[in-house]
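Engineer: Take a look at this one; I'll ask things after.
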Protein chains: 2
Amino acid sequence: MAGPPSPPRALPRGRRDARGERRRAELLDAAIDLIGEQGIDGVTHRAVAAAAGVPAASTSYYFRSKDDLIHEALRTLAEREIARLRERRTALGDAAADLDQTTEALALWIEEQITPAGRIAMLAQYQLQLEAARRPEARAILEAWKVGTDDLSETAMRSLGARDVRTSGILLVCAIDGLRLRLLASGHEPLQGAELRGVLRALLTGLTAA
Amino acid sequence: MAGPPSPPRALPRGRRDARGERRRAELLDAAIDLIGEQGIDGVTHRAVAAAAGVPAASTSYYFRSKDDLIHEALRTLAEREIARLRERRTALGDAAADLDQTTEALALWIEEQITPAGRIAMLAQYQLQLEAARRPEARAILEAWKVGTDDLSETAMRSLGARDVRTSGILLVCAIDGLRLRLLASGHEPLQGAELRGVLRALLTGLTAA
DNA sequence: ACAGAACCTGGACAGTTGTCCAAGACATCT
DNA sequence: AGATGTCTTGGACAACTGTCCAGGTTCTGT
């Protein structure tokens, strides 16, 4: 239902920019939070505007429709996360990583996502995945994200010396994805600290061997 | 928000049963389908009634509120799937399964879920998982489900001769969960037939070894 | 056949939603 | 200073929602 980009009602040729762009970004931030906190249907024009502390009609001014607003919010979320993935990918570089190092890096990354703030972004991501199962536009957004994770994962498995980096890379992504979802859905009492690291080490060991 | 059980408005002492019970079940079926097809917010009194082919007010008669209807639908979904898990668990029994057998069983199970009908149930399940991340009542439902999957998974890993059946069991569940979500979200072009079996075999091999 | 209880449903109600518009606020030019 | 376009927003509209109720239908026990 959502068209491709998103100019204000009838895009003016020269935007006064600065302020408008900032406000648009704030609205997107508010929308992303709402998606994480309440699900995609928590996104209403009025709710987003209220969360961003702006008058209700603003959302209609900056986005062609609610679908457009949601689409842009998901796109922004993905964009950010992909940039972060690229960073890590570069950091991991071609330096052959140790099993312990990789385990620790993974554990830290997951623990960072379990914080209240991380949880919301994580929930929003899974909302996107479900949305992608239904709507092709969302699928396109997620596809780029998937490329990023697969790439990082393959790099990691390669530096661990796995035989089939493609297969083990995909499996690593899937296992982590399932693990995070489990942590989300069970109030994340289980699997902290040492226990989490034990599980991750077992996973990496197994995938490297397989 | 949803209370515990769900008697009709003021539960009569003796229900005429047969018909009423059937209709209630039909409404729940319709609700489950809607959750899978459109998400939890696709569940409205009118939509459920229409999908079940009954008058609009029926849903209000059989369920105390919309929340109650949703809760019961999710509970029913879980109940069914748990029963199915128990069957497989019994079938798997204590007969030491072969790696090839297990791989094939897993592949068949996943392929069965990729059919259009399976997709809907699967989507509904992930909706439940996200709901569980937010609402405690949903979490309770999912907890019972998790016990079922973990148990089956542990049994499988034990019969494959894994060392740490607890850890490898959890990892198997997580990996499959992530894999299914990936299949859902990417239109499931990738990973069919032989390729799927290859990935599963690698996973089982790795987890057994780790 | 009759009474009473259970079952069923069309319609109504207030609240929320997406979207739009007319009018004002502001910035930038000449 | 005034003119011209952009930005901003309160308010209105129809459509949809959850929930309820008054009255109807169908059954069971006598």
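Each chain in the structure tokens gets a letter, A, B and so on, in the order shown; residues start at 1 in every chain, and ligands are counted from 1 in the order they appear.
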If you count only C-alpha atoms (C1' of nucleotides), which residues fall within 8 Å of Thr167 of chain B, apart from same-chain ones fewer than 4 positions away, as a list in words?
Structural biologist: Val199 and Ala202 of chain A; Leu171 of chain B
Engineer: Would you output that residue set with N, CA and C atoms, as a PDB file, in the first residue's frame?
Structural biologist:
```
ATOM      1  N   VAL A 199      26.697 -21.224  26.276  1.00  0.00           N
ATOM      2  CA  VAL A 199      25.869 -21.597  25.139  1.00  0.00           C
ATOM      3  C   VAL A 199      26.482 -21.103  23.837  1.00  0.00           C
ATOM      4  N   ALA A 202      29.496 -23.111  22.843  1.00  0.00           N
ATOM      5  CA  ALA A 202      29.094 -24.410  22.292  1.00  0.00           C
ATOM      6  C   ALA A 202      28.631 -24.251  20.855  1.00  0.00           C
TER       7      ALA A 202
ATOM      8  N   LEU B 171      19.974 -24.956  21.822  1.00  0.00           N
ATOM      9  CA  LEU B 171      20.529 -24.386  20.593  1.00  0.00           C
ATOM     10  C   LEU B 171      19.795 -24.910  19.365  1.00  0.00           C
TER      11      LEU B 171
END
```
Engineer: Give the residues of chain A that lie within 6 Å of chain B; count only C-alpha atoms, and format the answer as a list in words.
Structural biologist: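 Every residue meeting the condition is included here: Gln129, Ala132, Ala133, Cys174, Ala175, Asp177, Gly178, Leu179, Leu184, Ala185, Ala202, Thr205, Gly206, Leu207 and Ala210 of chain A.
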Engineer: With C-alpha atoms retained, export the selected residues as a tab-separated table (two decimals), in the first residue's frame.
Structural biologist:
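Output below, filename part01.tsv:
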```
chain	number	residue	atom	x	y	z
A	129	GLN	CA	10.39	-9.55	10.13
A	132	ALA	CA	8.10	-8.85	5.77
A	133	ALA	CA	6.31	-12.17	5.81
A	174	CYS	CA	19.57	-18.19	12.63
A	175	ALA	CA	20.66	-19.51	15.99
A	177	ASP	CA	18.10	-14.82	15.98
A	178	GLY	CA	16.22	-17.61	17.69
A	179	LEU	CA	18.17	-17.09	20.87
A	184	LEU	CA	12.75	-11.45	24.49
A	185	ALA	CA	9.81	-13.71	24.99
A	202	ALA	CA	29.09	-24.41	22.29
A	205	THR	CA	32.49	-24.67	18.45
A	206	GLY	CA	29.86	-26.84	16.87
A	207	LEU	CA	29.43	-24.70	13.78
A	210	ALA	CA	30.47	-29.06	11.28
```
Engineer: Hey, could you make a per-residue contact list for chain D against chain A with 10 Å as the cut-off, showing the nearest pair of atoms and its distance in Å to one decimal, counting only C-alpha atoms (C1' of nucleotides), sorted by chain and number, as a Markdown table?
Structural biologist:
```
| residue | atom | partner | partner_atom | distance |
| --- | --- | --- | --- | --- |
| D:DG5 | C1' | A:Pro12 | CA | 9.1 |
| D:DT6 | C1' | A:Arg16 | CA | 7.4 |
| D:DC7 | C1' | A:Gly20 | CA | 8.2 |
| D:DT8 | C1' | A:Ser58 | CA | 7.5 |
| D:DT9 | C1' | A:Ala57 | CA | 6.2 |
| D:DG10 | C1' | A:Ala57 | CA | 8.6 |
```
Engineer: Find, counting only C-alpha atoms (C1' of nucleotides), the residue in C:DA6, C:DC20, C:DA1, C:DC29 that gets nearest to chain A.
Structural biologist: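 That would be C:DC20, the residue with the smallest distance to chain A.
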Engineer: Find the residues of chain C that sit at most 8 Å from chain A; for each, write down the nearest two atoms and how far apart they are in Å, to one decimal. Count only C-alpha atoms (C1' of nucleotides). Sort by chain, then by number going up, and give it as CSV.
Structural biologist:
```
residue,atom,partner,partner_atom,distance
C:DT17,C1',A:Thr44,CA,7.8
C:DG18,C1',A:Lys66,CA,7.4
C:DT19,C1',A:Ser60,CA,7.8
```
Engineer: Run DSSP on the backbone and grab whatever in segment 2-164 of chain B lands in helix (DSSP H, G or I); send it over as a count of residues only.
Structural biologist: 121
Engineer: Return the single residue from C:DC21, C:DC26, C:DC8, C:DC13 that is closest to DT25 of chain D, with distances computed using only C-alpha atoms (C1' of nucleotides).
Structural biologist: C:DC8
Engineer: Which value, in Å to one decimal, gives the distance between atom CA of Leu27 of chain A and atom CA of Ala52 of chain A?
Structural biologist: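 Atom-to-atom, atom CA of Leu27 of chain A to atom CA of Ala52 of chain A, that is 5.8 Å.
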Engineer: Measure the distance from atom CA of Arg75 of chain B to atom CA of Arg22 of chain B in Å and round it to one decimal.
Structural biologist: 16.7 Å
Engineer: Quick one: everything within 12 Å of DG29 of chain D, counting only C-alpha atoms (C1' of nucleotides), minus sequence neighbours fewer than 5 positions away in the same chain. Send it as a VMD selection string.
Structural biologist: chain C and resid 2 to 5
Engineer: Take atom CA of Ala97 of chain B and atom CA of Ser159 of chain B and report the distance between them in Å, one decimal.
Structural biologist: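 The value is 5.7 Å.
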